[in-house]
There are 2 protein chains.
Amino acid sequence: VKVSEAGGEYAIIELAREASRGLAGRALDLGIGDDAALVRFGDQTVIVTCDILVESVHFRTDWASPFEVGWKSAAVNISDIAAMGGVPQYAFVSIGVPDADFDFVSGFYDGLRSACERWTSTIAGGDTARSDAIVVNITWLGDLSGSPAILRSGARPGDALMVTNCLGDSLAGLNLLQAHGQEGARAISTGLVDAHLKPIPRVEAARAAAGTGAVHAMMDLSDGLAADLTKLCAASGVGARVDSENMPVSDELRSVCQNYCWKPSELACVGGEDYELLMAVDPSRVNEVRAAVRCTGSEMTVIGEILDGDQIRVVGPGGVESDLPDSWEHF
Amino acid sequence: VKVSEAGGEYAIIELAREASRGLAGRALDLGIGDDAALVRFGDQTVIVTCDILVESVHFRTDWASPFEVGWKSAAVNISDIAAMGGVPQYAFVSIGVPDADFDFVSGFYDGLRSACERWTSTIAGGDTARSDAIVVNITWLGDLSGSPAILRSGARPGDALMVTNCLGDSLAGLNLLQAHGQEGARAISTGLVDAHLKPIPRVEAARAAAGTGAVHAMMDLSDGLAADLTKLCAASGVGARVDSENMPVSDELRSVCQNYCWKPSELACVGGEDYELLMAVDPSRVNEVRAAVRCTGSEMTVIGEILDGDQIRVVGPGGVESDLPDSWEHF
C-alpha cells in the first residue's frame, strides 16, 4: 500500500494514534493532534514537539545556506511551542548526513545556535548518523512558565478569527526560489525569500496574547491558513467564515504579485510556512489582544469569525462565497 | 571537509557542544556526553534521549521485519534511559518514508507499541515526512522516579567492572545475517539473530542495581565494550583492566563460534548493540548488586577492575596483556 493511497500523512498519524491507544503508560495531558504534546512530570507540564526535515523535500541546499537550514529547523519547533502559549527551553538534534557534508553540519549548528540565543534555549543532546540525504530531526522541550496552555480545541462560535502579521510571504518566496534560484530570487525580493528561509516564530506575541486570557484557541500557520484553519475547526467542533479581502498581505508581496499575476489573497490563504499565529479570540476583547500583541512588535488582523457547524466558507470580493482552496499534502 | 576526516561522529558531537556553549538558556543538569541528558522543569528532572536510525545503515528491511525495526528503535532509546537508572515514559516518533512504504510504517508501529507495552511507555507525538530512504528518529522521555541518576562519570579506582548477562550475541547475529540472510541465519541460531534484531533493554536490572546505592557509574553497551568502556573511563578520569577470560559469553555464541573460527571473547569485547549494562561497582558490594539484579532475571559478571590512570588494558589467557581492540566508527 502506498502512503498517498492510504491517506497521506494523516494515515501515518492515525497509525501512531492507533498504536498509542490503551497503552498502560502515564496519562498524557495532550497527545497526538495539536501543535505539540503536553506531558506530565510530577506537577510540571512539559511541552514537546518534533519536526523532521529531509533534504530536497523540506529544504534545498542550493537555495538555503546551512545556517538558514539550521535556523529554520529551530524556528519551526519553537513556533509549535509558541502556539501552545509556551516558552522554548531545550533542543535535541538528530542529524543524518553524507560523509561529505561536514561543513553543512557546522553551518547548520551556527544557525541553530543563533535561534537558540534569540529564544533562550539550550542544545541539550542529540544523535548523529551517516545517511545518503541530509535529514534532521529536532525535538524541542518547553514549558508554560505559569500560563495555561492554549489548545486548538477551544474555539467557540462567535469568536473573532485573528492572525498575526502578514500571510503568504513564505510561499511567494518559495515560488521566487523555484523560478529564479537563490540569487535571482533575492534580487527580486529579499524580504519574501527571508520569509521562506528564515521565518520568525512568534513566541512573544503568543505569550502576550495568551496572557490576556481572551484567546480561546491558538495554533501556528505551518501548512497554510486553509489547511490549518480546517484543523482548528475540526478540533474545536466548529465552522468558520474567512473574509479573503481582510487577509493581511505585505506591501512586498502585493508588489511582487503584480509582476507575476499571482493573487495576494490566494497566496495568503493557501501558502504554508509563514509560522504566524492563528487565534480564536473572545469577540469583545479583540482590541485588548491586539494591543498586547502590538507591544511585542507584531500586528493582528481579524480575518473572519468562528461559526456553528462544520463548514468553512471563504467570502471574497462582492460577498461571493466559495469553498476553501486545496492545501498542501506531503505525500 | 568530510565527516570522516574531521573526526567522525565525535566531530559532529563537538560541533553540537560548541554550539551549545554559553547559551543563555536554562542550566542543564547534564548535557551532551552521557547516555541521555538530564533537564530540569521546576523540581523535576527529566531524562531525554534520541536515536536516529537510517535504512541500510542501522537496519536492512530484507533482514529485519518492520515489527523488529520498530521494536529495536524503541529498545535502543529505552536502554539509554535505563542506563541513567531511569524509567521510560513518553516516546516521540519522527518517521521519513518513501511513498511506497505504508506497510512498513504499520508494522513499525506494531513493534514500537509492543515495546511500549512492556516498558509502560506512551507514544505521545511525532512527525512524518516523505523521504527516499526510511529514516526514523525517536526521542524518549523518562524520569528517575525517586532514584538518583547514575552517570558515566562516577567510576573510582578499585571499583569492580561488571556487566549484565552475555556479550557478543548481537554482533554474532549480525555476522550470520550478513553471511546467510534472514532465513539462513535463523536456521543457524534464532537466539543470536534475535539478540541483534530484538534486543532487550535492561530497565529492571538497572533500577535494581541503582537501588542498592553501590553503583558508582553505569552506561549501556551500544557501541561495544571496547568503545563504551573507553567512554566511561574518559568520563570518570580513570583507567581499567579487563579480563578477557571472564567475559560472559552465551552457550549459543560459543557453539556457533566453533563452526566459524570466531573468538567468543573477541566478539564480546568489540561487538556492539548488546544493550547490556556496564557498571562500576563498590568492590565490597558486588554480591549485593548481583543478588538485586538476579531478582529481575539478569545475571551479572565481574569482568575487570577500575584503575588509576587513563590506560585500558586487556588481560588474556596466561596473563598476556594487550591493548583494546578497535571499535566501530559510524563514518
# chains A, B, ... in the order shown; residues from 1 in each chain; ligands from 1
>>> interface_residues(of="chain B", to="chain A", cutoff="7 Å", atoms="only C-alpha atoms", output="compact mmCIF listing (two decimals) with all heavy atoms, in the first residue's frame")
# COMPACT_ATOMS: atom_id res chain seq x y z
N VAL B 1 35.04 19.63 3.65
CA VAL B 1 35.64 18.69 4.62
C VAL B 1 34.72 17.49 4.80
O VAL B 1 33.50 17.64 4.89
CB VAL B 1 35.84 19.39 5.99
CG1 VAL B 1 36.49 18.43 6.98
CG2 VAL B 1 36.70 20.64 5.82
N LYS B 2 35.30 16.29 4.84
CA LYS B 2 34.49 15.10 5.09
C LYS B 2 34.33 14.88 6.59
O LYS B 2 35.23 15.17 7.37
CB LYS B 2 35.17 13.87 4.48
CG LYS B 2 35.07 13.80 2.97
CD LYS B 2 35.51 12.43 2.47
CE LYS B 2 35.31 12.34 0.97
NZ LYS B 2 35.76 11.05 0.45
N VAL B 3 33.17 14.32 6.95
CA VAL B 3 32.94 13.99 8.35
C VAL B 3 34.03 13.04 8.84
O VAL B 3 34.58 13.22 9.93
CB VAL B 3 31.54 13.35 8.52
CG1 VAL B 3 31.33 12.93 9.97
CG2 VAL B 3 30.45 14.32 8.08
N SER B 4 34.36 12.04 8.02
CA SER B 4 35.36 11.04 8.43
C SER B 4 36.73 11.67 8.64
O SER B 4 37.49 11.25 9.51
CB SER B 4 35.44 9.92 7.39
OG SER B 4 35.65 10.46 6.10
N GLU B 9 31.79 10.88 14.00
CA GLU B 9 30.64 11.38 14.75
C GLU B 9 31.08 12.25 15.94
O GLU B 9 30.34 13.12 16.37
CB GLU B 9 29.76 10.23 15.22
CG GLU B 9 30.40 9.29 16.22
CD GLU B 9 29.37 8.32 16.83
OE1 GLU B 9 28.23 8.74 17.06
OE2 GLU B 9 29.72 7.18 17.06
N LEU B 15 30.81 19.79 17.44
CA LEU B 15 30.10 20.95 16.89
C LEU B 15 28.87 21.28 17.73
O LEU B 15 28.59 22.44 18.02
CB LEU B 15 29.64 20.67 15.44
CG LEU B 15 30.69 20.69 14.35
CD1 LEU B 15 30.03 20.34 13.01
CD2 LEU B 15 31.37 22.06 14.25
N ALA B 16 28.14 20.26 18.12
CA ALA B 16 26.95 20.47 18.95
C ALA B 16 27.34 21.06 20.30
O ALA B 16 26.70 21.99 20.81
CB ALA B 16 26.20 19.15 19.14
N ALA B 19 28.27 24.66 19.78
CA ALA B 19 27.09 25.48 19.53
C ALA B 19 26.31 25.73 20.81
O ALA B 19 25.63 26.75 20.95
CB ALA B 19 26.19 24.82 18.49
N SER B 20 26.40 24.79 21.76
CA SER B 20 25.61 24.95 22.98
C SER B 20 26.34 25.77 24.03
O SER B 20 25.76 26.19 25.02
CB SER B 20 25.25 23.57 23.55
OG SER B 20 26.41 22.92 23.99
N LEU B 23 25.19 29.32 25.86
CA LEU B 23 23.82 29.71 25.56
C LEU B 23 23.13 30.12 26.84
O LEU B 23 23.30 29.51 27.89
CB LEU B 23 23.06 28.56 24.87
CG LEU B 23 23.36 28.38 23.39
CD1 LEU B 23 22.67 27.15 22.86
CD2 LEU B 23 22.93 29.61 22.60
N ALA B 24 22.30 31.17 26.69
CA ALA B 24 21.73 31.78 27.88
C ALA B 24 20.58 30.99 28.47
O ALA B 24 20.01 31.36 29.48
CB ALA B 24 21.26 33.19 27.55
N GLY B 25 20.20 29.88 27.81
CA GLY B 25 19.06 29.09 28.29
C GLY B 25 19.31 28.52 29.67
O GLY B 25 20.37 28.68 30.25
N ARG B 26 18.32 27.84 30.14
CA ARG B 26 18.34 27.28 31.47
C ARG B 26 19.48 26.28 31.65
O ARG B 26 19.82 25.55 30.72
CB ARG B 26 17.02 26.54 31.65
CG ARG B 26 16.51 26.60 33.04
CD ARG B 26 15.28 25.79 33.10
NE ARG B 26 14.10 26.58 32.82
CZ ARG B 26 12.89 26.06 32.88
NH1 ARG B 26 12.73 24.79 33.17
NH2 ARG B 26 11.85 26.81 32.64
N GLY B 31 24.29 17.64 30.05
CA GLY B 31 24.05 17.87 28.64
C GLY B 31 24.63 16.76 27.79
O GLY B 31 24.56 15.58 28.14
N ILE B 32 25.26 17.16 26.69
CA ILE B 32 25.80 16.24 25.71
C ILE B 32 26.91 15.40 26.32
O ILE B 32 27.79 15.93 26.99
CB ILE B 32 26.33 17.05 24.51
CG1 ILE B 32 25.16 17.81 23.87
CG2 ILE B 32 27.06 16.19 23.52
CD1 ILE B 32 25.57 19.04 23.08
N ALA B 37 20.39 12.99 28.35
CA ALA B 37 20.52 14.27 29.02
C ALA B 37 19.57 14.31 30.22
O ALA B 37 18.56 13.62 30.24
CB ALA B 37 20.19 15.40 28.05
N PHE B 41 12.73 20.77 34.94
CA PHE B 41 11.50 21.56 34.89
C PHE B 41 11.02 21.70 36.33
O PHE B 41 10.60 20.70 36.93
CB PHE B 41 10.43 20.89 34.02
CG PHE B 41 10.77 20.92 32.55
CD1 PHE B 41 11.39 19.85 31.94
CD2 PHE B 41 10.47 22.04 31.78
CE1 PHE B 41 11.71 19.88 30.59
CE2 PHE B 41 10.80 22.08 30.43
CZ PHE B 41 11.42 21.01 29.83
N GLY B 42 11.09 22.90 36.88
CA GLY B 42 10.74 23.07 38.28
C GLY B 42 11.61 22.15 39.12
O GLY B 42 12.83 22.14 38.98
N GLN B 44 11.48 18.91 38.89
CA GLN B 44 11.51 17.60 38.23
C GLN B 44 12.72 17.48 37.31
O GLN B 44 13.00 18.38 36.53
CB GLN B 44 10.24 17.42 37.37
CG GLN B 44 8.95 17.43 38.16
CD GLN B 44 8.79 16.16 38.99
OE1 GLN B 44 9.01 15.07 38.50
NE2 GLN B 44 8.43 16.34 40.26
N CYS B 50 17.73 10.60 22.34
CA CYS B 50 17.20 10.37 20.99
C CYS B 50 18.15 9.48 20.20
O CYS B 50 19.36 9.47 20.41
CB CYS B 50 16.94 11.65 20.21
SG CYS B 50 17.75 13.12 20.71
N ASP B 51 17.55 8.74 19.29
CA ASP B 51 18.32 7.91 18.37
C ASP B 51 17.74 8.05 16.99
O ASP B 51 16.54 7.98 16.79
CB ASP B 51 18.25 6.44 18.81
CG ASP B 51 19.37 6.09 19.76
OD1 ASP B 51 20.50 5.90 19.30
OD2 ASP B 51 19.11 6.05 20.98
N ILE B 52 18.64 8.25 16.03
CA ILE B 52 18.23 8.31 14.64
C ILE B 52 18.70 7.02 13.97
O ILE B 52 19.82 6.57 14.17
CB ILE B 52 18.79 9.57 13.94
CG1 ILE B 52 18.26 9.70 12.52
CG2 ILE B 52 20.30 9.62 13.96
CD1 ILE B 52 18.51 11.08 11.90
N VAL B 54 18.79 4.94 10.26
CA VAL B 54 18.70 5.12 8.83
C VAL B 54 18.74 3.75 8.15
O VAL B 54 19.58 2.92 8.48
CB VAL B 54 19.87 6.00 8.31
CG1 VAL B 54 19.79 6.18 6.81
CG2 VAL B 54 19.89 7.34 9.02
N GLN B 89 9.06 6.85 29.83
CA GLN B 89 7.68 7.33 30.00
C GLN B 89 7.00 7.67 28.67
O GLN B 89 5.89 7.23 28.42
CB GLN B 89 7.65 8.58 30.89
CG GLN B 89 8.22 8.39 32.28
CD GLN B 89 7.29 7.64 33.24
OE1 GLN B 89 6.20 7.27 32.86
NE2 GLN B 89 7.74 7.43 34.46
N SER B 94 9.52 10.43 14.95
CA SER B 94 9.55 11.07 13.63
C SER B 94 9.95 10.03 12.61
O SER B 94 10.93 9.30 12.82
CB SER B 94 10.54 12.22 13.61
OG SER B 94 10.08 13.27 14.44
N ASP B 99 6.95 6.94 -0.42
CA ASP B 99 5.50 6.78 -0.59
C ASP B 99 5.09 5.31 -0.56
O ASP B 99 4.02 4.96 -0.06
CB ASP B 99 5.08 7.44 -1.91
CG ASP B 99 3.57 7.54 -2.05
OD1 ASP B 99 2.87 7.46 -1.01
OD2 ASP B 99 3.09 7.71 -3.18
N ALA B 100 5.95 4.43 -1.07
CA ALA B 100 5.57 3.02 -1.24
C ALA B 100 5.48 2.25 0.08
O ALA B 100 4.95 1.14 0.11
CB ALA B 100 6.58 2.33 -2.15
N ASP B 101 5.96 2.83 1.17
CA ASP B 101 6.22 2.02 2.36
C ASP B 101 5.21 2.16 3.49
O ASP B 101 5.57 2.10 4.66
CB ASP B 101 7.63 2.31 2.88
CG ASP B 101 8.69 1.63 2.03
OD1 ASP B 101 8.36 0.60 1.43
OD2 ASP B 101 9.82 2.13 1.97
N PHE B 102 3.94 2.30 3.16
CA PHE B 102 2.94 2.42 4.22
C PHE B 102 2.92 1.18 5.10
O PHE B 102 2.78 1.28 6.33
CB PHE B 102 1.55 2.67 3.62
CG PHE B 102 0.51 2.97 4.65
CD1 PHE B 102 0.49 4.20 5.32
CD2 PHE B 102 -0.45 2.02 4.98
CE1 PHE B 102 -0.46 4.47 6.29
CE2 PHE B 102 -1.41 2.30 5.94
CZ PHE B 102 -1.42 3.52 6.59
N ASP B 103 3.05 0.01 4.50
CA ASP B 103 3.00 -1.24 5.27
C ASP B 103 4.16 -1.31 6.26
O ASP B 103 4.01 -1.83 7.37
CB ASP B 103 3.02 -2.45 4.34
CG ASP B 103 1.76 -2.49 3.49
OD1 ASP B 103 0.73 -1.95 3.91
OD2 ASP B 103 1.83 -3.05 2.37
N SER B 106 3.19 0.71 9.25
CA SER B 106 2.20 0.00 10.06
C SER B 106 2.87 -1.06 10.94
O SER B 106 2.63 -1.12 12.15
CB SER B 106 1.18 -0.63 9.10
OG SER B 106 0.26 -1.39 9.83
N TYR B 109 5.03 0.52 13.75
CA TYR B 109 4.29 0.97 14.93
C TYR B 109 3.85 -0.21 15.80
O TYR B 109 3.76 -0.08 17.02
CB TYR B 109 3.10 1.84 14.53
CG TYR B 109 3.46 3.30 14.44
CD1 TYR B 109 3.51 3.97 13.22
CD2 TYR B 109 3.76 4.03 15.59
CE1 TYR B 109 3.85 5.30 13.14
CE2 TYR B 109 4.11 5.36 15.52
CZ TYR B 109 4.15 6.00 14.29
OH TYR B 109 4.50 7.32 14.24
N ASP B 110 3.57 -1.37 15.17
CA ASP B 110 3.24 -2.56 15.97
C ASP B 110 4.41 -2.93 16.89
O ASP B 110 4.21 -3.23 18.06
CB ASP B 110 2.93 -3.75 15.04
CG ASP B 110 1.58 -3.60 14.36
OD1 ASP B 110 0.76 -2.80 14.82
OD2 ASP B 110 1.37 -4.30 13.35
N ARG B 113 4.82 -0.30 19.60
CA ARG B 113 3.77 -0.44 20.60
C ARG B 113 4.08 -1.59 21.55
O ARG B 113 3.88 -1.49 22.76
CB ARG B 113 2.43 -0.68 19.91
CG ARG B 113 1.30 -0.91 20.90
CD ARG B 113 -0.01 -1.32 20.25
NE ARG B 113 -0.92 -1.80 21.27
CZ ARG B 113 -1.67 -0.99 22.00
NH1 ARG B 113 -1.65 0.31 21.79
NH2 ARG B 113 -2.45 -1.47 22.96
N GLU B 117 4.39 -1.33 25.51
CA GLU B 117 3.57 -2.10 26.45
C GLU B 117 4.45 -2.73 27.52
O GLU B 117 4.12 -2.69 28.70
CB GLU B 117 2.80 -3.22 25.71
CG GLU B 117 1.52 -2.71 25.08
CD GLU B 117 0.83 -3.76 24.21
OE1 GLU B 117 1.51 -4.72 23.76
OE2 GLU B 117 -0.36 -3.59 23.96
N THR B 120 5.94 0.08 29.82
CA THR B 120 4.91 1.05 30.23
C THR B 120 5.18 2.48 29.78
O THR B 120 5.21 3.40 30.60
CB THR B 120 4.72 1.04 31.76
OG1 THR B 120 5.98 1.25 32.38
CG2 THR B 120 4.09 -0.25 32.21
N SER B 121 5.35 2.65 28.49
CA SER B 121 5.51 3.99 27.93
C SER B 121 4.34 4.32 27.03
O SER B 121 3.56 3.45 26.63
CB SER B 121 6.81 4.09 27.12
OG SER B 121 7.94 4.09 27.98
N THR B 122 4.21 5.59 26.70
CA THR B 122 3.14 6.07 25.84
C THR B 122 3.76 6.73 24.60
O THR B 122 4.77 7.42 24.72
CB THR B 122 2.30 7.12 26.60
OG1 THR B 122 1.76 6.49 27.75
CG2 THR B 122 1.18 7.66 25.75
N ILE B 123 3.15 6.50 23.44
CA ILE B 123 3.53 7.24 22.25
C ILE B 123 2.80 8.57 22.31
O ILE B 123 1.57 8.61 22.28
CB ILE B 123 3.16 6.48 20.96
CG1 ILE B 123 3.82 5.09 20.97
CG2 ILE B 123 3.57 7.28 19.72
CD1 ILE B 123 3.26 4.15 19.90
N ALA B 124 3.55 9.66 22.43
CA ALA B 124 2.92 10.94 22.76
C ALA B 124 2.96 11.94 21.62
O ALA B 124 2.35 13.01 21.72
CB ALA B 124 3.59 11.54 23.99
N GLY B 125 3.64 11.63 20.54
CA GLY B 125 3.68 12.59 19.43
C GLY B 125 4.71 12.19 18.41
O GLY B 125 5.29 11.10 18.48
N GLY B 126 4.95 13.08 17.44
CA GLY B 126 5.92 12.79 16.40
C GLY B 126 5.70 13.63 15.17
O GLY B 126 5.01 14.64 15.21
N ASP B 127 6.33 13.21 14.10
CA ASP B 127 6.21 13.93 12.84
C ASP B 127 6.41 12.92 11.71
O ASP B 127 6.98 11.85 11.92
CB ASP B 127 7.25 15.05 12.76
CG ASP B 127 6.97 16.03 11.62
OD1 ASP B 127 5.82 16.09 11.14
OD2 ASP B 127 7.91 16.74 11.21
N THR B 128 5.91 13.25 10.53
CA THR B 128 6.10 12.38 9.37
C THR B 128 6.60 13.20 8.19
O THR B 128 6.33 14.40 8.11
CB THR B 128 4.79 11.70 8.94
OG1 THR B 128 3.89 12.72 8.49
CG2 THR B 128 4.16 10.93 10.06
N ALA B 129 7.33 12.55 7.30
CA ALA B 129 7.79 13.21 6.10
C ALA B 129 7.99 12.18 5.01
O ALA B 129 8.14 10.99 5.29
CB ALA B 129 9.10 13.95 6.36
N ARG B 130 8.00 12.66 3.80
CA ARG B 130 8.39 11.82 2.68
C ARG B 130 9.91 11.82 2.61
O ARG B 130 10.55 12.82 2.89
CB ARG B 130 7.78 12.40 1.40
CG ARG B 130 8.05 11.63 0.14
CD ARG B 130 7.09 12.05 -0.96
NE ARG B 130 7.11 13.51 -1.18
CZ ARG B 130 8.08 14.17 -1.83
NH1 ARG B 130 9.12 13.53 -2.32
NH2 ARG B 130 8.00 15.47 -1.99
N SER B 131 10.49 10.69 2.22
CA SER B 131 11.94 10.55 2.20
C SER B 131 12.30 9.40 1.27
O SER B 131 11.52 8.46 1.12
CB SER B 131 12.40 10.27 3.64
OG SER B 131 13.71 9.82 3.67
N ASN B 137 13.55 8.79 13.71
CA ASN B 137 14.15 9.34 14.92
C ASN B 137 13.14 9.18 16.05
O ASN B 137 11.99 9.57 15.92
CB ASN B 137 14.51 10.81 14.78
CG ASN B 137 15.23 11.32 16.03
OD1 ASN B 137 16.41 11.13 16.18
ND2 ASN B 137 14.48 11.94 16.96
N HIS B 330 31.07 5.29 12.98
CA HIS B 330 29.93 5.42 12.06
C HIS B 330 30.30 6.00 10.70
O HIS B 330 29.58 5.80 9.74
CB HIS B 330 28.83 6.27 12.69
CG HIS B 330 28.20 5.63 13.89
ND1 HIS B 330 27.28 4.62 13.77
CD2 HIS B 330 28.37 5.83 15.21
CE1 HIS B 330 26.89 4.24 14.98
NE2 HIS B 330 27.54 4.96 15.87
N PHE B 331 31.37 6.78 10.62
CA PHE B 331 31.71 7.42 9.34
C PHE B 331 32.99 6.82 8.74
O PHE B 331 33.86 6.37 9.46
CB PHE B 331 31.88 8.94 9.52
CG PHE B 331 30.56 9.63 9.70
CD1 PHE B 331 30.04 9.83 10.97
CD2 PHE B 331 29.83 10.06 8.60
CE1 PHE B 331 28.81 10.45 11.13
CE2 PHE B 331 28.61 10.67 8.76
CZ PHE B 331 28.10 10.87 10.02
>>> atom_distance(atom1="atom CA of A:Asp310", atom2="atom CA of A:Ala280")
15.2 Å
>>> select_by_dssp(residues="stretch 91-151 of chain A", states="strand (DSSP E or B)", output="PyMOL selection string")
chain A and resi 91-97+122-130+135-143
>>> write_last_selection(atoms="N, CA and C atoms", output="short mmCIF file (atom, residue, chain, number, x, y, z; two decimals), in the first residue's frame")
data_model
loop_
_atom_site.label_atom_id
_atom_site.label_comp_id
_atom_site.auth_asym_id
_atom_site.auth_seq_id
_atom_site.Cartn_x
_atom_site.Cartn_y
_atom_site.Cartn_z
N ALA A 91 16.69 21.94 23.20
CA ALA A 91 16.64 21.35 21.87
C ALA A 91 17.48 20.08 21.82
N PHE A 92 16.94 19.04 21.17
CA PHE A 92 17.64 17.78 20.93
C PHE A 92 17.70 17.57 19.43
N VAL A 93 18.91 17.43 18.91
CA VAL A 93 19.13 17.49 17.48
C VAL A 93 19.69 16.16 16.97
N SER A 94 18.92 15.48 16.14
CA SER A 94 19.44 14.29 15.45
C SER A 94 19.70 14.65 14.01
N ILE A 95 20.87 14.28 13.53
CA ILE A 95 21.24 14.70 12.18
C ILE A 95 21.90 13.53 11.44
N GLY A 96 21.34 13.22 10.29
CA GLY A 96 21.94 12.22 9.41
C GLY A 96 22.55 12.94 8.22
N VAL A 97 23.82 12.68 7.93
CA VAL A 97 24.49 13.38 6.82
C VAL A 97 25.40 12.44 6.05
N THR A 122 18.59 25.96 25.07
CA THR A 122 19.87 25.27 25.15
C THR A 122 19.84 24.03 24.27
N ILE A 123 20.94 23.76 23.58
CA ILE A 123 21.08 22.49 22.87
C ILE A 123 21.53 21.46 23.90
N ALA A 124 20.67 20.48 24.15
CA ALA A 124 20.90 19.61 25.30
C ALA A 124 21.28 18.19 24.92
N GLY A 125 21.22 17.84 23.64
CA GLY A 125 21.58 16.49 23.25
C GLY A 125 21.23 16.22 21.81
N GLY A 126 21.39 14.96 21.41
CA GLY A 126 21.07 14.59 20.05
C GLY A 126 21.72 13.29 19.64
N ASP A 127 21.73 13.06 18.35
CA ASP A 127 22.35 11.86 17.82
C ASP A 127 22.84 12.17 16.41
N THR A 128 23.79 11.38 15.92
CA THR A 128 24.28 11.57 14.55
C THR A 128 24.30 10.23 13.84
N ALA A 129 24.17 10.28 12.53
CA ALA A 129 24.26 9.06 11.72
C ALA A 129 24.73 9.42 10.33
N ARG A 130 25.26 8.44 9.65
CA ARG A 130 25.55 8.57 8.24
C ARG A 130 24.26 8.33 7.47
N VAL A 135 19.22 14.58 6.65
CA VAL A 135 17.94 14.55 7.35
C VAL A 135 18.16 15.00 8.78
N VAL A 136 17.27 15.86 9.23
CA VAL A 136 17.42 16.44 10.55
C VAL A 136 16.12 16.25 11.32
N ASN A 137 16.22 15.77 12.53
CA ASN A 137 15.05 15.81 13.41
C ASN A 137 15.41 16.61 14.65
N ILE A 138 14.56 17.57 14.95
CA ILE A 138 14.76 18.29 16.20
C ILE A 138 13.55 18.06 17.09
N THR A 139 13.83 17.73 18.33
CA THR A 139 12.78 17.66 19.34
C THR A 139 13.04 18.81 20.30
N TRP A 140 12.00 19.61 20.54
CA TRP A 140 12.18 20.77 21.40
C TRP A 140 11.28 20.62 22.62
N LEU A 141 11.82 20.90 23.78
CA LEU A 141 11.04 20.86 25.01
C LEU A 141 10.84 22.28 25.52
N GLY A 142 9.67 22.55 25.99
CA GLY A 142 9.39 23.85 26.56
C GLY A 142 8.48 23.71 27.77
N ASP A 143 8.15 24.82 28.38
CA ASP A 143 7.16 24.75 29.45
C ASP A 143 6.23 25.95 29.38
#
>>> atom_distance(atom1="atom CA of A:Leu267", atom2="atom CA of A:Asn287")
26.6 Å
>>> residues_around(residues="A:Met279", least_positions_apart="2", cutoff="8 Å", atoms="only C-alpha atoms", output="list in words")
Ala160, Leu161, Met162, Val163, Val215, His216, Ala217, Met218, Met219, Leu277 and Val281 of chain A
>>> write_last_selection(atoms="N, CA and C atoms", output="PDB file, in the first residue's frame")
ATOM      1  N   ALA A 160     -13.762  35.861  17.303  1.00  0.00           N
ATOM      2  CA  ALA A 160     -13.086  36.515  16.183  1.00  0.00           C
ATOM      3  C   ALA A 160     -11.899  35.659  15.764  1.00  0.00           C
ATOM      4  N   LEU A 161     -11.745  35.483  14.458  1.00  0.00           N
ATOM      5  CA  LEU A 161     -10.615  34.739  13.913  1.00  0.00           C
ATOM      6  C   LEU A 161      -9.522  35.747  13.590  1.00  0.00           C
ATOM      7  N   MET A 162      -8.364  35.610  14.240  1.00  0.00           N
ATOM      8  CA  MET A 162      -7.302  36.597  14.070  1.00  0.00           C
ATOM      9  C   MET A 162      -5.994  35.914  13.671  1.00  0.00           C
ATOM     10  N   VAL A 163      -5.172  36.662  12.941  1.00  0.00           N
ATOM     11  CA  VAL A 163      -3.821  36.181  12.634  1.00  0.00           C
ATOM     12  C   VAL A 163      -2.808  37.284  12.932  1.00  0.00           C
ATOM     13  N   VAL A 215      -7.847  34.497  24.580  1.00  0.00           N
ATOM     14  CA  VAL A 215      -7.617  33.626  23.422  1.00  0.00           C
ATOM     15  C   VAL A 215      -8.148  32.221  23.747  1.00  0.00           C
ATOM     16  N   HIS A 216      -9.152  31.802  23.005  1.00  0.00           N
ATOM     17  CA  HIS A 216      -9.784  30.501  23.269  1.00  0.00           C
ATOM     18  C   HIS A 216      -9.077  29.355  22.566  1.00  0.00           C
ATOM     19  N   ALA A 217      -8.484  29.619  21.423  1.00  0.00           N
ATOM     20  CA  ALA A 217      -7.776  28.583  20.667  1.00  0.00           C
ATOM     21  C   ALA A 217      -6.633  29.240  19.905  1.00  0.00           C
ATOM     22  N   MET A 218      -5.562  28.503  19.716  1.00  0.00           N
ATOM     23  CA  MET A 218      -4.405  29.068  19.000  1.00  0.00           C
ATOM     24  C   MET A 218      -3.646  27.929  18.328  1.00  0.00           C
ATOM     25  N   MET A 219      -3.072  28.228  17.169  1.00  0.00           N
ATOM     26  CA  MET A 219      -2.135  27.311  16.508  1.00  0.00           C
ATOM     27  C   MET A 219      -1.235  28.138  15.618  1.00  0.00           C
ATOM     28  N   LEU A 277       0.622  33.211  13.785  1.00  0.00           N
ATOM     29  CA  LEU A 277      -0.317  32.563  14.701  1.00  0.00           C
ATOM     30  C   LEU A 277      -1.750  32.769  14.241  1.00  0.00           C
ATOM     31  N   VAL A 281     -10.528  34.383  19.205  1.00  0.00           N
ATOM     32  CA  VAL A 281     -10.457  35.337  20.310  1.00  0.00           C
ATOM     33  C   VAL A 281     -11.866  35.772  20.732  1.00  0.00           C
TER      34      VAL A 281
END
>>> select_by_dssp(residues="stretch 111-299 of chain A", states="helix (DSSP H, G or I)", output="PyMOL selection string")
chain A and resi 111-118+152-154+169-188+190-197+203-211+225-236+244-246+251-260+264-270+283-294
>>> closest_residue(among="A:Met247, A:Ala226, A:Leu192, A:Ala205", to="A:Glu276", atoms="only C-alpha atoms")
A:Ala205
>>> closest_residue(among="B:Ala292, B:Met84, B:Val320, B:Val69", to="B:Ala214", atoms="only C-alpha atoms")
B:Ala292
>>> atom_distance(atom1="atom CA of B:Leu221", atom2="atom CA of B:Tyr275")
4.8 Å
>>> residues_around(residues="A:Asp159", least_positions_apart="4", cutoff="8 Å", atoms="only C-alpha atoms", output="ChimeraX atom specification")
/A:155,280-283,305-307
>>> residues_around(residues="stretch 168-175 of chain B", least_positions_apart="3", cutoff="9 Å", atoms="only C-alpha atoms", output="ChimeraX atom specification")
/B:178-180,185-186,189-197,199,224,248-250,252-253,256-257,262,264-275
>>> closest_residue(among="A:Ala75, A:Val302, A:Ala115, A:Val289", to="A:Gly211", atoms="only C-alpha atoms")
A:Val289
